[in-house]
Structures are given as structure tokens and as C-alpha cells.
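> My file is protein_11.pdb. It has PDB, C-alpha atoms and all ligand atoms:
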```pdb
MODEL        1
ATOM      1  CA  MET A   1      -4.342  27.648  14.526
ATOM      2  CA  LEU A   2      -4.060  26.105  11.097
ATOM      3  CA  ASN A   3      -2.344  29.196   9.685
ATOM      4  CA  MET A   4       0.682  28.532  11.920
ATOM      5  CA  LYS A   5       1.221  25.165  10.306
ATOM      6  CA  ASP A   6       3.244  24.007   7.323
ATOM      7  CA  LEU A   7       0.275  22.869   5.240
ATOM      8  CA  SER A   8       0.377  20.492   2.313
ATOM      9  CA  ILE A   9      -2.159  18.216   0.732
ATOM     10  CA  GLY A  10      -1.331  14.523   0.498
ATOM     11  CA  ILE A  11      -3.365  12.271  -1.787
ATOM     12  CA  ASP A  12      -3.364   8.487  -1.964
ATOM     13  CA  ILE A  13      -5.069   6.977  -5.015
ATOM     14  CA  GLY A  14      -5.688   3.274  -4.532
ATOM     15  CA  GLY A  15      -7.797   0.703  -6.311
ATOM     16  CA  THR A  16     -10.728   0.977  -3.900
ATOM     17  CA  LYS A  17     -10.413   4.369  -2.217
ATOM     18  CA  ILE A  18      -8.906   7.815  -2.611
ATOM     19  CA  LEU A  19      -7.669   9.553   0.541
ATOM     20  CA  ILE A  20      -7.191  13.315   0.418
ATOM     21  CA  ALA A  21      -5.571  14.762   3.533
ATOM     22  CA  LEU A  22      -4.494  18.078   4.945
ATOM     23  CA  VAL A  23      -1.058  17.384   6.409
ATOM     24  CA  ASP A  24       1.328  19.439   8.514
ATOM     25  CA  LYS A  25       4.538  18.728   6.621
ATOM     26  CA  THR A  26       6.780  19.490   9.582
ATOM     27  CA  THR A  27       5.114  17.171  12.099
ATOM     28  CA  GLY A  28       3.519  14.645   9.745
ATOM     29  CA  GLU A  29       0.185  15.217  11.466
ATOM     30  CA  VAL A  30      -2.978  14.530   9.461
ATOM     31  CA  LEU A  31      -5.211  17.507  10.345
ATOM     32  CA  TYR A  32      -8.223  16.536   8.280
ATOM     33  CA  TYR A  33      -9.033  13.964   5.652
ATOM     34  CA  ILE A  34     -11.644  12.949   3.147
ATOM     35  CA  LYS A  35     -12.157   9.398   1.922
ATOM     36  CA  LYS A  36     -13.783   8.773  -1.458
ATOM     37  CA  LYS A  37     -14.571   5.672  -3.429
ATOM     38  CA  THR A  38     -12.199   5.353  -6.413
ATOM     39  CA  SER A  39     -13.711   6.229  -9.785
ATOM     40  CA  ARG A  40     -12.341   4.792 -13.011
ATOM     41  CA  GLY A  41     -10.754   6.775 -15.834
ATOM     42  CA  ASN A  42      -8.679   9.982 -16.077
ATOM     43  CA  LYS A  43     -11.581  12.432 -16.192
ATOM     44  CA  LYS A  44     -13.611  10.971 -13.344
ATOM     45  CA  ILE A  45     -10.595  10.691 -11.057
ATOM     46  CA  LEU A  46      -9.520  14.242 -11.873
ATOM     47  CA  SER A  47     -12.938  15.693 -11.023
ATOM     48  CA  LYS A  48     -12.998  13.674  -7.786
ATOM     49  CA  LEU A  49      -9.595  15.112  -6.810
ATOM     50  CA  ILE A  50     -10.604  18.696  -7.643
ATOM     51  CA  ASP A  51     -13.882  18.382  -5.696
ATOM     52  CA  GLY A  52     -12.071  16.724  -2.795
ATOM     53  CA  ILE A  53      -9.374  19.418  -2.549
ATOM     54  CA  ASN A  54     -11.997  22.184  -2.676
ATOM     55  CA  GLU A  55     -14.037  20.406  -0.014
ATOM     56  CA  LEU A  56     -10.958  20.003   2.194
ATOM     57  CA  VAL A  57     -10.078  23.688   1.912
ATOM     58  CA  ASN A  58     -13.675  24.856   2.524
ATOM     59  CA  GLU A  59     -14.308  22.540   5.474
ATOM     60  CA  ASN A  60     -11.197  23.898   7.205
ATOM     61  CA  ASN A  61     -11.905  27.560   6.443
ATOM     62  CA  ILE A  62      -8.541  28.018   4.824
ATOM     63  CA  CYS A  63      -7.583  29.616   1.554
ATOM     64  CA  ILE A  64      -5.798  27.575  -1.120
ATOM     65  CA  ASP A  65      -2.900  30.063  -0.866
ATOM     66  CA  GLU A  66      -2.098  28.660   2.575
ATOM     67  CA  ILE A  67      -1.325  25.285   1.004
ATOM     68  CA  LYS A  68       2.324  24.957  -0.035
ATOM     69  CA  SER A  69       2.146  21.918  -2.263
ATOM     70  CA  ILE A  70       0.128  18.914  -3.352
ATOM     71  CA  GLY A  71       1.647  15.423  -3.364
ATOM     72  CA  ILE A  72       0.074  12.352  -4.910
ATOM     73  CA  GLY A  73       0.904   8.694  -4.434
ATOM     74  CA  SER A  74      -0.859   6.564  -6.992
ATOM     75  CA  SER A  75      -0.949   2.950  -7.946
ATOM     76  CA  GLY A  76       0.287   2.217 -11.475
ATOM     77  CA  ILE A  77       3.360   3.101 -13.507
ATOM     78  CA  ILE A  78       4.347   6.705 -12.900
ATOM     79  CA  ASP A  79       6.444   9.187 -14.857
ATOM     80  CA  ARG A  80       7.631  11.228 -11.856
ATOM     81  CA  GLU A  81       9.473  13.851 -13.852
ATOM     82  CA  ASN A  82       6.499  14.846 -15.973
ATOM     83  CA  GLY A  83       3.839  14.007 -13.398
ATOM     84  CA  ILE A  84       1.952  11.487 -15.491
ATOM     85  CA  ILE A  85       0.216   8.241 -14.547
ATOM     86  CA  LEU A  86       1.372   6.294 -17.601
ATOM     87  CA  ASP A  87      -0.662   3.210 -16.965
ATOM     88  CA  ALA A  88      -2.807   2.087 -14.030
ATOM     89  CA  PRO A  89      -5.058  -0.815 -15.049
ATOM     90  CA  ASN A  90      -6.929  -0.916 -11.723
ATOM     91  CA  LEU A  91      -7.809   2.792 -12.071
ATOM     92  CA  GLU A  92      -8.432   2.490 -15.813
ATOM     93  CA  CYS A  93      -6.029   5.407 -16.268
ATOM     94  CA  HIS A  94      -3.758   5.779 -19.215
ATOM     95  CA  ASN A  95      -1.442   8.707 -19.964
ATOM     96  CA  PHE A  96      -3.128  10.773 -17.220
ATOM     97  CA  GLN A  97      -1.408  14.206 -17.057
ATOM     98  CA  ILE A  98      -2.363  14.637 -13.430
ATOM     99  CA  LYS A  99       0.390  17.123 -12.478
ATOM    100  CA  SER A 100      -0.339  19.669 -15.197
ATOM    101  CA  GLU A 101      -4.123  19.357 -14.719
ATOM    102  CA  LEU A 102      -3.945  20.024 -10.973
ATOM    103  CA  GLU A 103      -1.303  22.754 -11.286
ATOM    104  CA  ARG A 104      -3.560  24.545 -13.765
ATOM    105  CA  GLU A 105      -6.547  24.209 -11.443
ATOM    106  CA  PHE A 106      -4.902  25.220  -8.141
ATOM    107  CA  ASN A 107      -1.704  27.008  -9.163
ATOM    108  CA  LYS A 108       0.352  24.975  -6.627
ATOM    109  CA  PRO A 109       3.364  22.738  -7.208
ATOM    110  CA  VAL A 110       2.228  19.134  -7.638
ATOM    111  CA  GLN A 111       4.503  16.098  -7.140
ATOM    112  CA  ILE A 112       3.574  12.574  -8.004
ATOM    113  CA  GLY A 113       5.004   9.165  -7.143
ATOM    114  CA  ASN A 114       4.097   5.567  -6.671
ATOM    115  CA  ASP A 115       1.678   4.796  -3.785
ATOM    116  CA  VAL A 116       4.033   2.404  -1.982
ATOM    117  CA  GLU A 117       6.953   4.811  -2.348
ATOM    118  CA  ALA A 118       4.727   7.466  -0.714
ATOM    119  CA  ALA A 119       3.908   5.099   2.149
ATOM    120  CA  ALA A 120       7.605   4.255   2.606
ATOM    121  CA  ILE A 121       8.482   7.971   2.782
ATOM    122  CA  GLY A 122       5.692   8.447   5.360
ATOM    123  CA  GLU A 123       7.076   5.627   7.506
ATOM    124  CA  TRP A 124      10.632   6.919   6.998
ATOM    125  CA  LYS A 125       9.892  10.469   8.100
ATOM    126  CA  PHE A 126       7.276   9.903  10.777
ATOM    127  CA  GLY A 127       6.526   6.208  11.313
ATOM    128  CA  SER A 128       8.277   2.883  11.932
ATOM    129  CA  ALA A 129      11.410   3.748   9.935
ATOM    130  CA  VAL A 130      12.436   7.075  11.509
ATOM    131  CA  GLY A 131      16.242   7.265  11.592
ATOM    132  CA  ILE A 132      16.683   4.056   9.583
ATOM    133  CA  ASN A 133      18.486   4.142   6.245
ATOM    134  CA  ASP A 134      18.287   0.508   5.254
ATOM    135  CA  PHE A 135      14.830  -0.993   5.078
ATOM    136  CA  MET A 136      12.106  -2.440   2.974
ATOM    137  CA  CYS A 137       8.409  -1.543   3.340
ATOM    138  CA  ILE A 138       5.927  -4.191   2.259
ATOM    139  CA  PHE A 139       2.175  -3.566   2.124
ATOM    140  CA  ILE A 140      -0.222  -6.451   1.804
ATOM    141  CA  GLY A 141      -3.790  -5.713   0.809
ATOM    142  CA  THR A 142      -5.690  -6.294  -2.421
ATOM    143  CA  GLY A 143      -2.250  -6.638  -4.015
ATOM    144  CA  ILE A 144       1.285  -6.632  -2.616
ATOM    145  CA  GLY A 145       3.465  -3.544  -3.003
ATOM    146  CA  ALA A 146       6.908  -2.718  -1.674
ATOM    147  CA  ALA A 147       9.604  -0.062  -1.626
ATOM    148  CA  ILE A 148      13.282  -0.459  -0.826
ATOM    149  CA  VAL A 149      15.464   2.143   0.884
ATOM    150  CA  LYS A 150      19.164   1.325   0.707
ATOM    151  CA  ASP A 151      21.909   3.562   2.143
ATOM    152  CA  GLY A 152      19.365   6.339   2.713
ATOM    153  CA  LYS A 153      18.113   6.316  -0.874
ATOM    154  CA  LEU A 154      14.937   5.017  -2.383
ATOM    155  CA  LEU A 155      15.853   2.308  -4.858
ATOM    156  CA  ARG A 156      14.030   3.004  -8.097
ATOM    157  CA  GLY A 157      15.804   0.947 -10.734
ATOM    158  CA  LYS A 158      16.285   1.742 -14.395
ATOM    159  CA  SER A 159      12.612   2.132 -15.269
ATOM    160  CA  GLY A 160      11.511   3.365 -11.832
ATOM    161  CA  THR A 161       9.724   0.137 -10.995
ATOM    162  CA  ALA A 162      12.090  -1.472  -8.465
ATOM    163  CA  GLY A 163      10.524  -3.067  -5.418
ATOM    164  CA  GLU A 164       7.876  -5.185  -7.145
ATOM    165  CA  PHE A 165       8.028  -7.754  -4.358
ATOM    166  CA  GLY A 166       4.499  -8.974  -5.164
ATOM    167  CA  HIS A 167       5.556 -10.074  -8.631
ATOM    168  CA  MET A 168       8.466 -12.247  -7.618
ATOM    169  CA  THR A 169       7.860 -15.678  -9.104
ATOM    170  CA  ILE A 170       7.565 -18.156  -6.264
ATOM    171  CA  SER A 171       5.922 -20.980  -8.179
ATOM    172  CA  TYR A 172       6.797 -21.629 -11.781
ATOM    173  CA  ASN A 173       3.704 -22.589 -13.780
ATOM    174  CA  GLY A 174       1.741 -21.339 -10.768
ATOM    175  CA  ARG A 175      -1.495 -19.391 -10.357
ATOM    176  CA  HIS A 176      -2.364 -16.661 -12.836
ATOM    177  CA  CYS A 177      -1.515 -13.160 -11.553
ATOM    178  CA  ALA A 178      -3.229  -9.808 -12.260
ATOM    179  CA  CYS A 179       0.011  -8.700 -13.998
ATOM    180  CA  GLY A 180      -0.499 -11.355 -16.678
ATOM    181  CA  SER A 181       2.268 -13.653 -15.482
ATOM    182  CA  TYR A 182       2.045 -16.880 -13.476
ATOM    183  CA  GLY A 183       3.163 -17.887 -10.013
ATOM    184  CA  CYS A 184       3.703 -14.370  -8.570
ATOM    185  CA  LEU A 185       3.729 -14.019  -4.778
ATOM    186  CA  GLU A 186       0.728 -11.656  -5.011
ATOM    187  CA  ALA A 187      -1.384 -14.500  -6.398
ATOM    188  CA  TYR A 188      -0.703 -16.494  -3.183
ATOM    189  CA  ALA A 189      -0.288 -14.107  -0.265
ATOM    190  CA  SER A 190      -2.455 -11.010  -0.901
ATOM    191  CA  ARG A 191      -5.875 -10.477   0.661
ATOM    192  CA  SER A 192      -7.475 -11.162  -2.705
ATOM    193  CA  ALA A 193      -5.525 -14.426  -3.007
ATOM    194  CA  VAL A 194      -6.789 -15.522   0.420
ATOM    195  CA  GLU A 195     -10.288 -14.422  -0.593
ATOM    196  CA  GLY A 196     -10.042 -16.540  -3.745
ATOM    197  CA  LYS A 197      -9.080 -19.645  -1.766
ATOM    198  CA  ILE A 198     -11.887 -19.129   0.766
ATOM    199  CA  THR A 199     -14.509 -18.538  -1.947
ATOM    200  CA  GLU A 200     -13.373 -21.618  -3.840
ATOM    201  CA  ALA A 201     -13.806 -23.781  -0.714
ATOM    202  CA  LEU A 202     -17.204 -22.252   0.167
ATOM    203  CA  ASN A 203     -18.405 -22.940  -3.376
ATOM    204  CA  LYS A 204     -17.430 -26.584  -2.889
ATOM    205  CA  GLY A 205     -19.627 -26.702   0.214
ATOM    206  CA  VAL A 206     -16.965 -26.332   2.937
ATOM    207  CA  LYS A 207     -18.529 -24.765   6.054
ATOM    208  CA  SER A 208     -16.972 -21.684   7.658
ATOM    209  CA  VAL A 209     -18.044 -18.980  10.132
ATOM    210  CA  ILE A 210     -16.934 -16.399   7.567
ATOM    211  CA  SER A 211     -20.331 -16.986   5.911
ATOM    212  CA  ASP A 212     -21.805 -14.995   8.859
ATOM    213  CA  TYR A 213     -19.977 -11.865   7.652
ATOM    214  CA  ILE A 214     -19.973 -12.144   3.869
ATOM    215  CA  LYS A 215     -22.288  -9.770   2.042
ATOM    216  CA  PRO A 216     -23.304 -10.225  -1.593
ATOM    217  CA  GLU A 217     -21.249  -8.195  -4.089
ATOM    218  CA  LYS A 218     -18.748  -7.169  -1.376
ATOM    219  CA  PRO A 219     -15.178  -8.456  -1.150
ATOM    220  CA  ILE A 220     -14.082 -10.555   1.833
ATOM    221  CA  SER A 221     -12.318  -7.948   3.984
ATOM    222  CA  SER A 222      -9.261  -8.396   6.199
ATOM    223  CA  GLY A 223     -11.585  -7.676   9.152
ATOM    224  CA  MET A 224     -13.878 -10.608   8.245
ATOM    225  CA  ILE A 225     -10.843 -12.859   7.918
ATOM    226  CA  ALA A 226      -9.535 -11.683  11.317
ATOM    227  CA  LYS A 227     -12.869 -12.351  13.075
ATOM    228  CA  SER A 228     -13.044 -15.858  11.596
ATOM    229  CA  VAL A 229      -9.473 -16.654  12.701
ATOM    230  CA  GLU A 230     -10.309 -15.395  16.217
ATOM    231  CA  ARG A 231     -13.279 -17.775  16.283
ATOM    232  CA  GLY A 232     -10.939 -20.644  15.426
ATOM    233  CA  ASP A 233     -12.401 -21.272  11.989
ATOM    234  CA  VAL A 234     -10.575 -24.178  10.351
ATOM    235  CA  LEU A 235     -10.973 -23.116   6.719
ATOM    236  CA  VAL A 236      -9.990 -19.456   7.136
ATOM    237  CA  THR A 237      -7.113 -20.290   9.498
ATOM    238  CA  SER A 238      -5.683 -22.789   7.025
ATOM    239  CA  CYS A 239      -5.959 -20.278   4.154
ATOM    240  CA  ILE A 240      -4.108 -17.687   6.273
ATOM    241  CA  LEU A 241      -1.393 -20.149   7.253
ATOM    242  CA  GLU A 242      -0.904 -21.094   3.612
ATOM    243  CA  ALA A 243      -0.646 -17.431   2.539
ATOM    244  CA  ALA A 244       1.811 -16.758   5.406
ATOM    245  CA  GLU A 245       3.924 -19.714   4.265
ATOM    246  CA  TYR A 246       4.162 -18.265   0.736
ATOM    247  CA  LEU A 247       4.858 -14.783   2.079
ATOM    248  CA  SER A 248       7.655 -16.151   4.279
ATOM    249  CA  SER A 249       9.350 -17.595   1.170
ATOM    250  CA  GLY A 250       9.259 -14.159  -0.453
ATOM    251  CA  LEU A 251      10.584 -12.522   2.717
ATOM    252  CA  ALA A 252      13.406 -15.047   3.094
ATOM    253  CA  SER A 253      14.396 -14.452  -0.540
ATOM    254  CA  VAL A 254      14.695 -10.681  -0.126
ATOM    255  CA  MET A 255      16.489 -11.101   3.211
ATOM    256  CA  ASN A 256      19.083 -13.207   1.387
ATOM    257  CA  LEU A 257      19.180 -10.956  -1.675
ATOM    258  CA  ILE A 258      19.393  -7.451  -0.217
ATOM    259  CA  ASN A 259      20.031  -8.097   3.477
ATOM    260  CA  PRO A 260      17.884  -5.236   4.796
ATOM    261  CA  GLU A 261      18.291  -4.048   8.380
ATOM    262  CA  TYR A 262      14.530  -3.694   8.832
ATOM    263  CA  ILE A 263      11.471  -5.055   7.063
ATOM    264  CA  ILE A 264       8.322  -3.061   7.791
ATOM    265  CA  LEU A 265       5.063  -4.803   7.055
ATOM    266  CA  GLY A 266       1.718  -3.072   6.678
ATOM    267  CA  GLY A 267      -1.591  -3.208   4.860
ATOM    268  CA  GLY A 268      -5.002  -4.611   5.773
ATOM    269  CA  LEU A 269      -4.081  -8.272   6.178
ATOM    270  CA  VAL A 270      -1.005  -7.549   8.338
ATOM    271  CA  GLU A 271      -2.857  -5.064  10.536
ATOM    272  CA  ALA A 272      -5.970  -7.163  11.046
ATOM    273  CA  VAL A 273      -4.601 -10.705  11.285
ATOM    274  CA  ASP A 274      -1.793 -11.071  13.813
ATOM    275  CA  LEU A 275      -1.433 -14.802  13.104
ATOM    276  CA  PHE A 276      -0.513 -13.926   9.490
ATOM    277  CA  TYR A 277       2.229 -11.496  10.568
ATOM    278  CA  ARG A 278       3.664 -13.787  13.265
ATOM    279  CA  GLU A 279       3.689 -16.904  11.140
ATOM    280  CA  ALA A 280       5.157 -15.197   8.045
ATOM    281  CA  THR A 281       7.998 -13.517   9.954
ATOM    282  CA  GLN A 282       8.872 -16.610  12.026
ATOM    283  CA  ARG A 283       8.936 -18.882   8.994
ATOM    284  CA  ALA A 284      10.983 -16.302   7.030
ATOM    285  CA  ARG A 285      13.683 -16.436   9.715
ATOM    286  CA  GLN A 286      13.721 -20.226   9.527
ATOM    287  CA  LYS A 287      14.074 -20.166   5.735
ATOM    288  CA  ALA A 288      16.630 -17.354   5.243
ATOM    289  CA  LEU A 289      20.383 -17.878   5.465
ATOM    290  CA  SER A 290      21.515 -17.738   9.063
ATOM    291  CA  LEU A 291      23.250 -14.341   9.022
ATOM    292  CA  PRO A 292      20.464 -12.235   7.499
ATOM    293  CA  ALA A 293      17.884 -14.378   9.348
ATOM    294  CA  GLY A 294      19.390 -13.426  12.683
ATOM    295  CA  GLN A 295      19.808  -9.749  11.916
ATOM    296  CA  THR A 296      16.764  -8.525   9.996
ATOM    297  CA  ILE A 297      14.307  -6.789  12.317
ATOM    298  CA  PHE A 298      10.607  -7.015  11.503
ATOM    299  CA  LYS A 299       8.241  -4.211  12.432
ATOM    300  CA  LYS A 300       4.638  -3.348  11.702
ATOM    301  CA  SER A 301       3.774  -0.081   9.967
ATOM    302  CA  HIS A 302       2.921   2.678  12.479
ATOM    303  CA  LEU A 303       0.977   4.989  10.238
ATOM    304  CA  GLY A 304      -1.442   2.438   8.810
ATOM    305  CA  ASP A 305      -3.809   3.904   6.235
ATOM    306  CA  PHE A 306      -2.241   7.368   6.579
ATOM    307  CA  ALA A 307       1.311   6.385   5.570
ATOM    308  CA  GLY A 308       0.596   7.198   1.907
ATOM    309  CA  VAL A 309      -0.921  10.652   2.375
ATOM    310  CA  ILE A 310       1.740  11.694   4.898
ATOM    311  CA  GLY A 311       4.506  10.535   2.552
ATOM    312  CA  ALA A 312       2.908  12.133  -0.526
ATOM    313  CA  ALA A 313       2.624  15.470   1.307
ATOM    314  CA  ASN A 314       6.375  15.190   1.853
ATOM    315  CA  PHE A 315       7.355  14.470  -1.756
ATOM    316  CA  GLU A 316      10.153  16.721  -2.887
TER     317      GLU A 316
HETATM  318 ZN    ZN B   1       2.347 -10.723 -11.068
ENDMDL
END
```
Before we go any further, please render this structure as C-alpha cells.


Amino acid sequence: MLNMKDLSIGIDIGGTKILIALVDKTTGEVLYYIKKKTSRGNKKILSKLIDGINELVNENNICIDEIKSIGIGSSGIIDRENGIILDAPNLECHNFQIKSELEREFNKPVQIGNDVEAAAIGEWKFGSAVGINDFMCIFIGTGIGAAIVKDGKLLRGKSGTAGEFGHMTISYNGRHCACGSYGCLEAYASRSAVEGKITEALNKGVKSVISDYIKPEKPISSGMIAKSVERGDVLVTSCILEAAEYLSSGLASVMNLINPEYIILGGGLVEAVDLFYREATQRARQKALSLPAGQTIFKKSHLGDFAGVIGAANFE
């Protein structure tokens, strides 16, 4: 009985995939979803969203009038007030007036926010952070994103970009980062950073069981990394331990700086590779000052891939 539900559409636009989901806003339940490969550029992404929403509505035999709102979490720099993706290099979007375009098309209120903020709201309302008003959500995948909730409020900062945990400098004069700077945590502890280290070693002739899984033109996935660690592969295990060591330095720094009650970790690498999660959290406790080290509670994300769409459907 879909018509008895509080229906909203939640959309998560990431660098590799777009998730479009029909969500019951009251329960946080994902009733149906469509996954599409991310296109590049304002126009292509817009037509993918319009097609996806129409497909979602048709497949469920509902009328667009039954949908209350549309929420979008997107990577990039967002102007929440005007509903614009100002700049998203990985989507090749610039000044994308996504709110007004979709409101014109569907005549529904559209809200937009950052993808990690959406995931944090999802976890806050229905996942690992229910009832908690002091936490940080950190997602580790292709990049590293984070959102901070302090005293029951999402911390946005002056320009709305607070929570850029992945771009904390942990090594001055360090590796080049996608943001243009050097030595950012993301360049050491993201899935793509681990991939870079593995590829570099393979190119030098180091043997690894991960070669059994690698396909030409495809990235090294968290799943491939997990399988290699399970098989006791020396190269992949050492790359994971190194990334966990860097991540633990970042975690210890934020534990000291903002003293969060909970730190919730999610994303492909955390979900797939338990060694990465265990090592990073244990080492973070050893490195942080004793009071925050003893009190911060680590948890894994409950909603996984759906955190973003559930949170976006609940944007207000
Ligand atoms: Zn950076």
C-alpha cells in the first residue's frame, strides 16, 4: 500500500554512480531504487535524473502527485539556499541550477545538500546515530568525506564546507591530492590511494593475488582488496595497514580537536575490509590524548550505500 506511505524521492549523486530512491520519510525505508552510472556535465546529469524519477514513478504505479518532495545529496560545493551545484569537478558540473530545473519539471519542492551531509542525516535519523547529538560521520571510498554534528546541529562553517576531514594535511610536502594541495589524508587513506600504492608495486613487478581479480580499465574495488587481505596477501595487507595508520592519525587529531562522543565510519573500504577499520580505530585510540581516546565510541555505518538517499529524502 504505497499510497499510505509518506513518500519522498532521495537522490545521491556520486562520482561513479547515481542512486535514485523512493523513500518512506517517516520510517526511512527504501521502497525502491534505481542505480545509474554517473554522466558528466549539467545537461547529461539532469536528463539522467529526470529519466530516473519518471522510471521510478512508473515502475511503482504511482503518480508524481503522491511524492511530497525530492532531496538531493551531491558531491561538490553546494549553494543550499538557491539549490545550485556551484562546482563539482568529478561530475564536471559548474553552476548547475538543479533545484529550479527539477522543480520546473516535476512541480515538487526540491532540496539540495552535500552528499556526506545527506548520509550523516540518514544515519542520524535512521541508522547508527539515532538519538545521538554529538558525532562525526566519515565515509571512505574513492575520496574521504565527513560531516560533523555538534550539540544536535550540523556544523557547516562560514562557507558551508566544514567537515573536510579528507583534506586535513597530514604530511607536509606530501603526495599530491585531487584538491590541488599536497599531503592531504585523502591521498593516503582513501580507496583510490590504496589502489595507487598497489598499482605502483604491481608495475614494479611485485607479485600479489589481487592480479587474479583486476580487470583492464576497471578500478581496484574495495571487494578485490578485501578478498586479497582474506587470502593473506602480503602486498595488499601492507598497503591497507599503511592506509589505516594514516587514517588513525586523522582520527586522533579530530578526537583531540572536537572531542566527539561517537565517530561513525562508513564507505566501501570500511565496509569491505574489517582489518582496515579495526587497525585504524585501535591506533587512533593509542595516538589521541587519553581523555578523548577513552571516551570516543567508534561505530560502523548501518545504512551503507542507502545512507545518502535516506538522508536526502529527509532534507528540510
Ligand atoms: Zn586535498

> Quick one: residues within 6 Å of ligand ZN 1 (chain B), with all atoms listed in the file, as an NGL selection string?

:A and (167 or 177-179 or 181 or 184)

> Within 12 Å of Arg231 (chain A), counting all atoms listed in the file, which residues show up once you throw out same-chain ones fewer than 5 positions away? Write them as an MDAnalysis selection string, please.

chainID A and resid 208:210 212 224:226 236:237

> Identify the residues within 6 Å of coordinate (-14.7, -23.9, 9.1) (same frame as the file), considering all atoms listed in the file, and give the answer as a PyMOL selection string.

chain A and resi 207-208+233-235

> Using all atoms listed in the file, which residue out of A:Gly14, A:Gly131, A:Gly166, A:Gly304 lies closest to Cys93 (chain A)?

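Looking only at the distances to Cys93 (chain A), the closest residue turns out to be A:Gly14.
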
> Pull out every residue that the PyMOL selection byres (((chain A and resi 17) around 6) and not hetatm) matches in the shown coordinates and put them as a ChimeraX atom specification.

/A:14,16,18,36-38

> To test your reading of the syntax: which residues would the PyMOL selection byres (((chain A and resi 138-148) around 8) and not hetatm) return for the file shown? Reply as JSON, numbers by chain.

{"A": [116, 117, 120, 134, 135, 136, 137, 149, 150, 154, 155, 162, 163, 164, 165, 166, 186, 189, 190, 191, 192, 263, 264, 265, 266, 267, 268, 269, 270]}
